[in-house]
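J.: Have a look at this one before I ask anything.
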There are 2 protein chains.
Amino acid sequence: MESTVIPVSLPQNAYQILIAPGQLSHLGDRLQSSDCIRGTLGSKMLIVSNPQIWKHYGELLVQTLTQAGFQVDFLLLPAGERYKTLKSLQKIYDAALRHRLERSSTLIALGGGVIGDMTGFAAATWLRGIAVIQVPTSLLAMVDAAIGGKTGVNHPQGKNLIGAFHQPRLVVIDPQTLKTLPAREFRAAMAEVIKYGVIWDAQLFAQLEQCPRLDRYRDLSEAQLAEILQRSCQAKADVVSKDEKEAGLRAILNYGHTIGHAIESLTGYRQFNHGEAVGLGMIAAGQISVALGLWSAQGLERQQQLIQGAGLPTHLPTELDPNAVLELLQTDKKVAGGRVRFVLPTGIGTATLSDQVPPEVIRAVLSHMQA
Amino acid sequence: MESTVIPVSLPQNAYQILIAPGQLSHLGDRLQSSDCIRGTLGSKMLIVSNPQIWKHYGELLVQTLTQAGFQVDFLLLPAGERYKTLKSLQKIYDAALRHRLERSSTLIALGGGVIGDMTGFAAATWLRGIAVIQVPTSLLAMVDAAIGGKTGVNHPQGKNLIGAFHQPRLVVIDPQTLKTLPAREFRAAMAEVIKYGVIWDAQLFAQLEQCPRLDRYRDLSEAQLAEILQRSCQAKADVVSKDEKEAGLRAILNYGHTIGHAIESLTGYRQFNHGEAVGLGMIAAGQISVALGLWSAQGLERQQQLIQGAGLPTHLPTELDPNAVLELLQTDKKVAGGRVRFVLPTGIGTATLSDQVPPEVIRAVLSHMQA
């Protein structure tokens with residue numbers, strides 16, 4: 001796989017997504033040799049990661065950055081969505097103070113979406129904003145969380161209620177780190193990849209349909225993985241460039257997330273991971289779209305095949321109360337004027353927004369998914 | 001006093017400062033009749049205040065907003081700099097969730113700088129940013145904290161280390177609220193007013209010299225107070241408009257704050273309030289400037305007269321260790337490349353930045369101020 005650079009064209013905060021195998025071992029040199037970066041970063045860096053990731057890549061990253069002349073420190077936080085809290089954030093602040101980070105210093109997020117979101121939010125709010133470099137090591141973070149500047153932590157009663165927009169200075173994707181990604185997380189991330197196919201890129205969707213298997217890293221060829229990463233990152237970069245702060249278009253990226261967030265929350269962030277919940281949410285939103293006459297049953301069926309092919313769950317637990325989901329949707333941040341807004345597919349590669357979904361339809365779809 | 005509108009001309013986040021006696025009782029109408037505001041605010045509002053302020057103005061504000069058709073809730077937090085913490089912030093988030101604030105909802109900060117900073121930061125980070133209206137009731141907040149979008153909370157080891165830039169949608173100043181301001185706070189705020197005179201507005205400085213007394217609200221005429229508020233707000237608006245995110249010029253507003261913050265922190269935020277600490281910091285920075293040959297002894301003496309005339313402390317407690325101040329300065333967020341940056345007056349109405357102040361000079365000045 002060759003090295004690819006995808007620009008994220010924002011008027012004030014433009015940056016690049018760099019996709020290159022083995023890049024992690026050469027990041028220091030890369031920062032010193034890149035025209036867009038060289039000389040803009042101070043000398044101090046604080047890497048935030050978790051112990052599982054650190055075991056594989058910590059030493060490598062410290063070495064390349066130190067050799068390039070940076071003063072590097074690190075902080076490890078426990079892995080998992082349930083640690084994406086104000087308390088973990090406080091630990092990053094404490095480390096930032098301990099290491100005397102200055103306005104010119106840089107935070108580096110080495111890990112999945114949880115590490116990326118928290119580290120990004122810490123960077124957004126330490127000294128009212130310092131630089132952050134996102135180094136996603138999970139497929140989910142590579143194609144979604146690391147790009148676009150959404151940062152934040154969870155409130156005990158809802159995901160991502162506390163946060164800020166803060167674009168990274170650079171996103172560095174080393175596909176080789178996917179080797180160590182747990183199989184379940186790889187499958188989960190495919191939900192977001194499929195999402196881009198459904199709402200934005202029909203060609204990506206068709207290519208996914210041609211992969212013999214979507215549920216295992218080792219069954220994808222290097223070329224297939226390259227295509228998936230590039231097209232997914234490009235889709236995210238396209239949408240974010242057109243709507244940095246989610247004034248309109250960007251909301252379509254929430255396809256599957258409205259109900260997905262509610263499912264994650266009501267199951268205590270334990271039963272399903274984020275991607276699995278989004279997959280379930282996409283099935284629900286797809287069914288709603290068909291029920292409202294906005295999408296064809298055939299399109300829904302093709303989506304179902306991909307989600308199943310990625311080895312993702314397709315049924316809701318019977319103990320999940322559809323009324324509890326409806327209740328929680330009301331507190332979801334995508335509520336506008338008291339009405340819940342859904343992203344609904346209208347074809348392969350296109351979607352629309354609607355806040356006119358009758359609660360009865362949502363309830364019926366959720367009940368149907370428990371069967 | 002007539003009503004005055006001062007525009008804060010920011011490219012993306014322009015807003016107005018409204019100075020008008022009695023305005024608090026008419027805010028609801030004002031929001032509904034203002035061309036810049038009408039129709040841009042959602043229906044839900046959450047007022048954040050403290051019990052002392054609420055006692056005087058809470059009912060009035062709820063009444064005018066409710067009559068204008070807004071759904072209003074409120075949260076009271078304990079008064080004082082030592083409550084400007086992540087814990088208080090968490091309480092605002094909890095209230096935001098309880099009242100189901102949406103992206104179109106508005107936070108209203110009714111109180112002094114502590115309430116304004118915390119409420120502004122909560123608005124910056126709730127759902128990644130909602131609107132905030134600043135209604136400062138202290139002189140300090142009117143002329144400083146409420147304008148310019150600096151928001152945040154303190155870290156146990158340093159002031160304002162955690163925060164974000166988030167401009168208000170509107171700043172509403174009702175000078176009549178100063179009637180209930182404790183005398184000590186009125187005096188303290190004069191430090192910031194004098195600061196604008198020293199670093200930006202020689203005419204303001206001269207007018208302050210002509211006031212018979214600066215230490216009591218009741219000794220200022222309505223016209224004098226009007227002039228002080230307008231010129232101070234204008235100075236802040238001028239500087240902020242030219243440098244929204246403190247890339248350069250805006251740093252001069254930190255005159256007196258570098259050492260002032262260290263003094264506040266080392267005395268546990270109890271012995272001196274913010275304005276008093278800034279007054280002491282201005283005396284220190286002024287003496288440093290004279291010691292370095294950048295300012296005249298006469299200018300320093302005129303500043304000293306105003307600070308004394310405002311009834312502000314001019315000596316440091318003997319138990320404050322100058323070395324502890326120097327140590328703490330290193331962790332201050334205005335450190336650049338490991339060097340502490342000072343704002344130093346070069347005349348009445350002008351100042352410069354310097355990171356070349358020898359530690360011995362700082363130590364000598366601090367020791368001298370203990371005499």
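FYI, nothing fancy with the structure tokens labels: chains A, B, ... in order, residues from 1 per chain, ligands from 1 as they appear.
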Please find the residues of chain A near chain B - the criterion being any atom within 7 Å, counting only C-alpha atoms - and write them as a list in words.

T.: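 Within 7 Å of chain B on chain A, we get Arg100, Glu102, Ala124, Thr125, Trp126, Leu127, Arg128, Gly129, Leu161, Ile162, Gly163, Ala164, Phe165, Thr331, Lys333, Val335 and Ala336 of chain A.
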
J.: May I have the residues within 8 Å of segment 136-148 of chain A as a ChimeraX atom specification, using only C-alpha atoms and disregarding those fewer than 2 positions away in the same chain?

T.: /A:17,53,109-113,116-117,134,150,167-168,171-175,177-178,181,185-186,188-190,192-193,229,232-233,236-237,240,244,275

J.: Could you give me, as a VMD selection string, the residues within 12 Å of Pro322 of chain B, counting only C-alpha atoms and dropping anything in the same chain fewer than 3 positions from it?

T.: chain B and resid 259 262 to 263 266 284 316 to 319 325 to 329 359 to 370

J.: Pull N, CA and C atoms from the residues just selected and write them as a PDB file, in the first residue's frame.

T.:
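Done, and the output landed in selection-v2.pdb:
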ATOM      1  N   ILE B 259       2.039  38.450  37.785  1.00  0.00           N
ATOM      2  CA  ILE B 259       2.343  38.337  39.211  1.00  0.00           C
ATOM      3  C   ILE B 259       1.055  38.290  40.036  1.00  0.00           C
ATOM      4  N   ALA B 262      -0.134  34.790  40.502  1.00  0.00           N
ATOM      5  CA  ALA B 262       0.723  34.057  41.439  1.00  0.00           C
ATOM      6  C   ALA B 262       0.389  34.438  42.877  1.00  0.00           C
ATOM      7  N   ILE B 263       0.133  35.730  43.093  1.00  0.00           N
ATOM      8  CA  ILE B 263      -0.205  36.191  44.451  1.00  0.00           C
ATOM      9  C   ILE B 263      -1.536  35.581  44.904  1.00  0.00           C
ATOM     10  N   LEU B 266      -0.924  31.785  45.624  1.00  0.00           N
ATOM     11  CA  LEU B 266      -0.106  31.479  46.808  1.00  0.00           C
ATOM     12  C   LEU B 266      -0.783  31.882  48.110  1.00  0.00           C
ATOM     13  N   ALA B 284       3.925  45.888  40.811  1.00  0.00           N
ATOM     14  CA  ALA B 284       5.156  45.120  40.582  1.00  0.00           C
ATOM     15  C   ALA B 284       5.649  45.298  39.148  1.00  0.00           C
ATOM     16  N   LEU B 316       2.795  43.785  49.722  1.00  0.00           N
ATOM     17  CA  LEU B 316       2.661  42.333  49.787  1.00  0.00           C
ATOM     18  C   LEU B 316       2.816  41.870  51.230  1.00  0.00           C
ATOM     19  N   PRO B 317       2.106  40.813  51.615  1.00  0.00           N
ATOM     20  CA  PRO B 317       2.278  40.279  52.973  1.00  0.00           C
ATOM     21  C   PRO B 317       3.716  39.778  53.155  1.00  0.00           C
ATOM     22  N   THR B 318       4.266  40.006  54.342  1.00  0.00           N
ATOM     23  CA  THR B 318       5.672  39.633  54.576  1.00  0.00           C
ATOM     24  C   THR B 318       5.884  38.119  54.501  1.00  0.00           C
ATOM     25  N   GLU B 319       4.811  37.360  54.741  1.00  0.00           N
ATOM     26  CA  GLU B 319       4.991  35.900  54.726  1.00  0.00           C
ATOM     27  C   GLU B 319       4.992  35.320  53.305  1.00  0.00           C
ATOM     28  N   VAL B 325       6.843  32.817  44.470  1.00  0.00           N
ATOM     29  CA  VAL B 325       6.213  33.521  43.343  1.00  0.00           C
ATOM     30  C   VAL B 325       6.956  33.191  42.047  1.00  0.00           C
ATOM     31  N   LEU B 326       8.279  33.271  42.090  1.00  0.00           N
ATOM     32  CA  LEU B 326       9.083  32.975  40.899  1.00  0.00           C
ATOM     33  C   LEU B 326       8.837  31.548  40.410  1.00  0.00           C
ATOM     34  N   GLU B 327       8.793  30.615  41.347  1.00  0.00           N
ATOM     35  CA  GLU B 327       8.555  29.213  41.000  1.00  0.00           C
ATOM     36  C   GLU B 327       7.195  29.064  40.314  1.00  0.00           C
ATOM     37  N   LEU B 328       6.183  29.697  40.885  1.00  0.00           N
ATOM     38  CA  LEU B 328       4.838  29.554  40.337  1.00  0.00           C
ATOM     39  C   LEU B 328       4.717  30.205  38.956  1.00  0.00           C
ATOM     40  N   LEU B 329       5.441  31.292  38.753  1.00  0.00           N
ATOM     41  CA  LEU B 329       5.380  31.967  37.452  1.00  0.00           C
ATOM     42  C   LEU B 329       5.740  31.005  36.327  1.00  0.00           C
ATOM     43  N   PRO B 359      15.217  37.247  36.699  1.00  0.00           N
ATOM     44  CA  PRO B 359      14.574  36.837  37.952  1.00  0.00           C
ATOM     45  C   PRO B 359      15.006  37.697  39.135  1.00  0.00           C
ATOM     46  N   GLU B 360      16.249  38.167  39.130  1.00  0.00           N
ATOM     47  CA  GLU B 360      16.728  38.994  40.250  1.00  0.00           C
ATOM     48  C   GLU B 360      15.906  40.271  40.362  1.00  0.00           C
ATOM     49  N   VAL B 361      15.542  40.832  39.209  1.00  0.00           N
ATOM     50  CA  VAL B 361      14.748  42.069  39.224  1.00  0.00           C
ATOM     51  C   VAL B 361      13.371  41.789  39.822  1.00  0.00           C
ATOM     52  N   ILE B 362      12.758  40.667  39.408  1.00  0.00           N
ATOM     53  CA  ILE B 362      11.448  40.317  39.952  1.00  0.00           C
ATOM     54  C   ILE B 362      11.557  40.135  41.461  1.00  0.00           C
ATOM     55  N   ARG B 363      12.585  39.400  41.897  1.00  0.00           N
ATOM     56  CA  ARG B 363      12.755  39.119  43.322  1.00  0.00           C
ATOM     57  C   ARG B 363      12.938  40.422  44.101  1.00  0.00           C
ATOM     58  N   ALA B 364      13.748  41.327  43.568  1.00  0.00           N
ATOM     59  CA  ALA B 364      14.021  42.598  44.253  1.00  0.00           C
ATOM     60  C   ALA B 364      12.748  43.433  44.384  1.00  0.00           C
ATOM     61  N   VAL B 365      11.973  43.488  43.307  1.00  0.00           N
ATOM     62  CA  VAL B 365      10.734  44.269  43.326  1.00  0.00           C
ATOM     63  C   VAL B 365       9.755  43.687  44.344  1.00  0.00           C
ATOM     64  N   LEU B 366       9.641  42.360  44.364  1.00  0.00           N
ATOM     65  CA  LEU B 366       8.705  41.727  45.304  1.00  0.00           C
ATOM     66  C   LEU B 366       9.141  41.979  46.748  1.00  0.00           C
ATOM     67  N   SER B 367      10.441  41.872  47.012  1.00  0.00           N
ATOM     68  CA  SER B 367      10.937  42.125  48.373  1.00  0.00           C
ATOM     69  C   SER B 367      10.649  43.570  48.776  1.00  0.00           C
ATOM     70  N   HIS B 368      10.883  44.463  47.845  1.00  0.00           N
ATOM     71  CA  HIS B 368      10.637  45.887  48.091  1.00  0.00           C
ATOM     72  C   HIS B 368       9.168  46.162  48.439  1.00  0.00           C
ATOM     73  N   MET B 369       8.260  45.409  47.782  1.00  0.00           N
ATOM     74  CA  MET B 369       6.829  45.623  48.028  1.00  0.00           C
ATOM     75  C   MET B 369       6.377  45.054  49.372  1.00  0.00           C
ATOM     76  N   GLN B 370       7.238  44.284  50.019  1.00  0.00           N
ATOM     77  CA  GLN B 370       6.891  43.765  51.346  1.00  0.00           C
ATOM     78  C   GLN B 370       7.232  44.771  52.434  1.00  0.00           C
TER      79      GLN B 370
END

J.: Contacts of Leu46 of chain A at 6 Å or less, counting only C-alpha atoms, minus same-chain residues fewer than 6 places along, as a PyMOL selection string?

T.: chain A and resi 72-74+107

J.: Please report the interatomic distance between atom CA of Gln303 of chain B and atom CA of Gly197 of chain B in Å with one decimal.

T.: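 Result for atom CA of Gln303 of chain B versus atom CA of Gly197 of chain B: 9.2 Å, one decimal.
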
J.: Counting only C-alpha atoms, what is within 12 Å of Val239 of chain B, bar same-chain residues fewer than 2 positions away, as a PyMOL selection string?

T.: chain B and resi 8-10+144+147-148+196+199-201+232-237+241-254

J.: With only C-alpha atoms as the basis for distance, which of A:Ser33, A:Ser289, A:Thr314, A:Asn323 is at the shortest distance from Thr346 of chain A?

T.: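 Among the listed residues, A:Ser289 lies closest to Thr346 of chain A.
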
J.: Step one, run DSSP on the backbone; step two, keep only residues of segment 176-331 of chain B assigned to helix (DSSP H, G or I); then write them as number ranges by chain.

T.: B: 176-180, 183-199, 202-210, 217-219, 222-242, 249-254, 257-266, 274-291, 297-309, 322-329

J.: According to DSSP computed on the backbone, where in segment 68-305 of chain A is there strand (DSSP E or B)? Give the residues as number ranges by chain.

T.: A: 71-76, 106-111, 126, 131-136, 150-155, 158-165, 170-173

J.: Could you turn the residues from that selection into a file that holds N, CA, C and O atoms, as a compact mmCIF listing (two decimals), in the first residue's frame?

T.:
# COMPACT_ATOMS: atom_id res chain seq x y z
N GLN A 71 10.63 16.83 23.40
CA GLN A 71 10.61 16.35 24.79
C GLN A 71 9.28 15.64 25.00
O GLN A 71 8.24 16.28 25.01
N VAL A 72 9.33 14.33 25.22
CA VAL A 72 8.11 13.55 25.21
C VAL A 72 7.78 12.98 26.59
O VAL A 72 8.65 12.41 27.25
N ASP A 73 6.54 13.16 27.02
CA ASP A 73 6.03 12.48 28.21
C ASP A 73 4.78 11.72 27.82
O ASP A 73 4.24 11.93 26.73
N PHE A 74 4.30 10.85 28.71
CA PHE A 74 3.07 10.14 28.36
C PHE A 74 2.20 9.89 29.58
O PHE A 74 2.65 9.93 30.72
N LEU A 75 0.93 9.68 29.31
CA LEU A 75 -0.06 9.37 30.34
C LEU A 75 -0.91 8.22 29.83
O LEU A 75 -1.43 8.27 28.71
N LEU A 76 -1.07 7.17 30.65
CA LEU A 76 -1.93 6.06 30.25
C LEU A 76 -3.23 6.09 31.04
O LEU A 76 -3.23 6.26 32.27
N THR A 106 2.12 20.19 22.41
CA THR A 106 1.24 19.34 21.61
C THR A 106 0.80 18.12 22.41
O THR A 106 1.61 17.49 23.08
N LEU A 107 -0.48 17.80 22.34
CA LEU A 107 -0.96 16.53 22.85
C LEU A 107 -1.01 15.55 21.69
O LEU A 107 -1.36 15.93 20.56
N ILE A 108 -0.67 14.30 21.94
CA ILE A 108 -0.78 13.26 20.91
C ILE A 108 -1.72 12.19 21.44
O ILE A 108 -1.51 11.65 22.52
N ALA A 109 -2.77 11.90 20.68
CA ALA A 109 -3.72 10.86 21.06
C ALA A 109 -3.34 9.58 20.33
O ALA A 109 -3.48 9.50 19.11
N LEU A 110 -2.85 8.60 21.07
CA LEU A 110 -2.46 7.31 20.48
C LEU A 110 -3.44 6.26 20.98
O LEU A 110 -3.37 5.83 22.13
N GLY A 111 -4.38 5.88 20.13
CA GLY A 111 -5.36 4.89 20.57
C GLY A 111 -6.63 4.96 19.76
O GLY A 111 -6.64 5.48 18.63
N TRP A 126 -7.16 23.03 27.41
CA TRP A 126 -5.99 23.34 28.21
C TRP A 126 -5.40 24.66 27.73
O TRP A 126 -5.14 24.82 26.53
N ALA A 131 -2.33 22.43 20.48
CA ALA A 131 -2.37 21.53 19.32
C ALA A 131 -2.58 20.08 19.74
O ALA A 131 -2.14 19.66 20.81
N VAL A 132 -3.25 19.32 18.87
CA VAL A 132 -3.37 17.88 19.08
C VAL A 132 -3.10 17.16 17.76
O VAL A 132 -3.51 17.61 16.69
N ILE A 133 -2.35 16.07 17.85
CA ILE A 133 -2.15 15.18 16.69
C ILE A 133 -2.87 13.88 17.00
O ILE A 133 -2.68 13.29 18.05
N GLN A 134 -3.73 13.48 16.08
CA GLN A 134 -4.48 12.24 16.29
C GLN A 134 -3.74 11.09 15.61
O GLN A 134 -3.47 11.14 14.40
N VAL A 135 -3.43 10.05 16.39
CA VAL A 135 -2.82 8.84 15.85
C VAL A 135 -3.74 7.67 16.18
O VAL A 135 -3.53 6.95 17.15
N PRO A 136 -4.79 7.50 15.38
CA PRO A 136 -5.77 6.46 15.68
C PRO A 136 -5.20 5.07 15.41
O PRO A 136 -4.53 4.86 14.39
N LYS A 150 -14.48 16.75 16.30
CA LYS A 150 -15.43 16.57 17.41
C LYS A 150 -14.68 15.94 18.57
O LYS A 150 -14.09 14.87 18.43
N THR A 151 -14.71 16.60 19.71
CA THR A 151 -14.03 16.08 20.89
C THR A 151 -14.99 16.12 22.06
O THR A 151 -15.96 16.88 22.03
N GLY A 152 -14.71 15.35 23.10
CA GLY A 152 -15.58 15.44 24.26
C GLY A 152 -15.53 14.24 25.17
O GLY A 152 -14.79 13.28 24.93
N VAL A 153 -16.32 14.32 26.23
CA VAL A 153 -16.48 13.21 27.17
C VAL A 153 -17.98 12.98 27.39
O VAL A 153 -18.81 13.80 26.99
N ASN A 154 -18.28 11.86 28.04
CA ASN A 154 -19.68 11.53 28.30
C ASN A 154 -20.15 12.14 29.62
O ASN A 154 -19.37 12.33 30.55
N HIS A 155 -21.42 12.47 29.68
CA HIS A 155 -22.10 12.75 30.94
C HIS A 155 -22.68 11.42 31.41
O HIS A 155 -23.03 10.58 30.57
N GLY A 158 -25.57 10.59 29.35
CA GLY A 158 -25.63 10.67 27.89
C GLY A 158 -24.25 10.83 27.28
O GLY A 158 -23.39 11.51 27.83
N LYS A 159 -24.07 10.23 26.10
CA LYS A 159 -22.77 10.27 25.44
C LYS A 159 -22.47 11.64 24.84
O LYS A 159 -23.35 12.28 24.28
N ASN A 160 -21.21 12.05 24.95
CA ASN A 160 -20.70 13.22 24.22
C ASN A 160 -21.49 14.50 24.48
O ASN A 160 -21.54 15.38 23.63
N LEU A 161 -22.12 14.60 25.65
CA LEU A 161 -22.87 15.82 25.94
C LEU A 161 -21.93 16.99 26.25
O LEU A 161 -22.29 18.14 26.10
N ILE A 162 -20.72 16.66 26.69
CA ILE A 162 -19.74 17.68 27.06
C ILE A 162 -18.61 17.64 26.04
O ILE A 162 -17.98 16.60 25.87
N GLY A 163 -18.38 18.73 25.33
CA GLY A 163 -17.32 18.67 24.32
C GLY A 163 -17.10 19.98 23.61
O GLY A 163 -17.66 21.02 23.98
N ALA A 164 -16.26 19.94 22.60
CA ALA A 164 -15.94 21.13 21.82
C ALA A 164 -15.50 20.71 20.43
O ALA A 164 -15.11 19.56 20.22
N PHE A 165 -15.59 21.63 19.48
CA PHE A 165 -14.97 21.40 18.18
C PHE A 165 -13.52 21.86 18.27
O PHE A 165 -13.23 22.99 18.66
N LEU A 170 -2.92 17.31 12.63
CA LEU A 170 -2.54 16.24 11.70
C LEU A 170 -3.21 14.96 12.18
O LEU A 170 -3.38 14.76 13.38
N VAL A 171 -3.61 14.11 11.21
CA VAL A 171 -4.09 12.78 11.54
C VAL A 171 -3.15 11.78 10.88
O VAL A 171 -2.90 11.87 9.67
N VAL A 172 -2.61 10.88 11.67
CA VAL A 172 -1.63 9.91 11.15
C VAL A 172 -2.21 8.51 11.26
O VAL A 172 -2.46 8.02 12.37
N ILE A 173 -2.45 7.87 10.13
CA ILE A 173 -3.03 6.53 10.11
C ILE A 173 -1.99 5.53 9.62
O ILE A 173 -1.54 5.61 8.48

J.: What does the structure give for the distance between atom CA of Ile115 of chain A and atom CA of Ser88 of chain A, in Å to one decimal?

T.: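 Taking atom CA of Ile115 of chain A and atom CA of Ser88 of chain A, their separation equals 9.9 Å.
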
J.: In Å to one decimal, how far is atom CA of His261 of chain B from atom CA of Leu312 of chain B?

T.: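 About the pair atom CA of Leu312 of chain B and atom CA of His261 of chain B: they are 16.2 Å apart.
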
J.: As a list of chain:residue names, please: the residues near segment 19-25 of chain A (cut-off 8 Å, only C-alpha atoms, same-chain neighbours under 5 positions excluded).

T.: A:Met1, A:Glu2, A:Ser3, A:Thr4, A:Val5, A:Tyr57, A:Leu60, A:Leu61, A:Thr64, A:Val172, A:Ile173, A:Asp174, A:Pro175, A:Gln176, A:Gln230

J.: Which residues are close to Gln67 of chain B, i.e. within 9 Å by only C-alpha atoms, leaving aside same-chain residues fewer than 3 positions away? Reply as a ChimeraX atom specification.

T.: /B:28-29,62-64,70
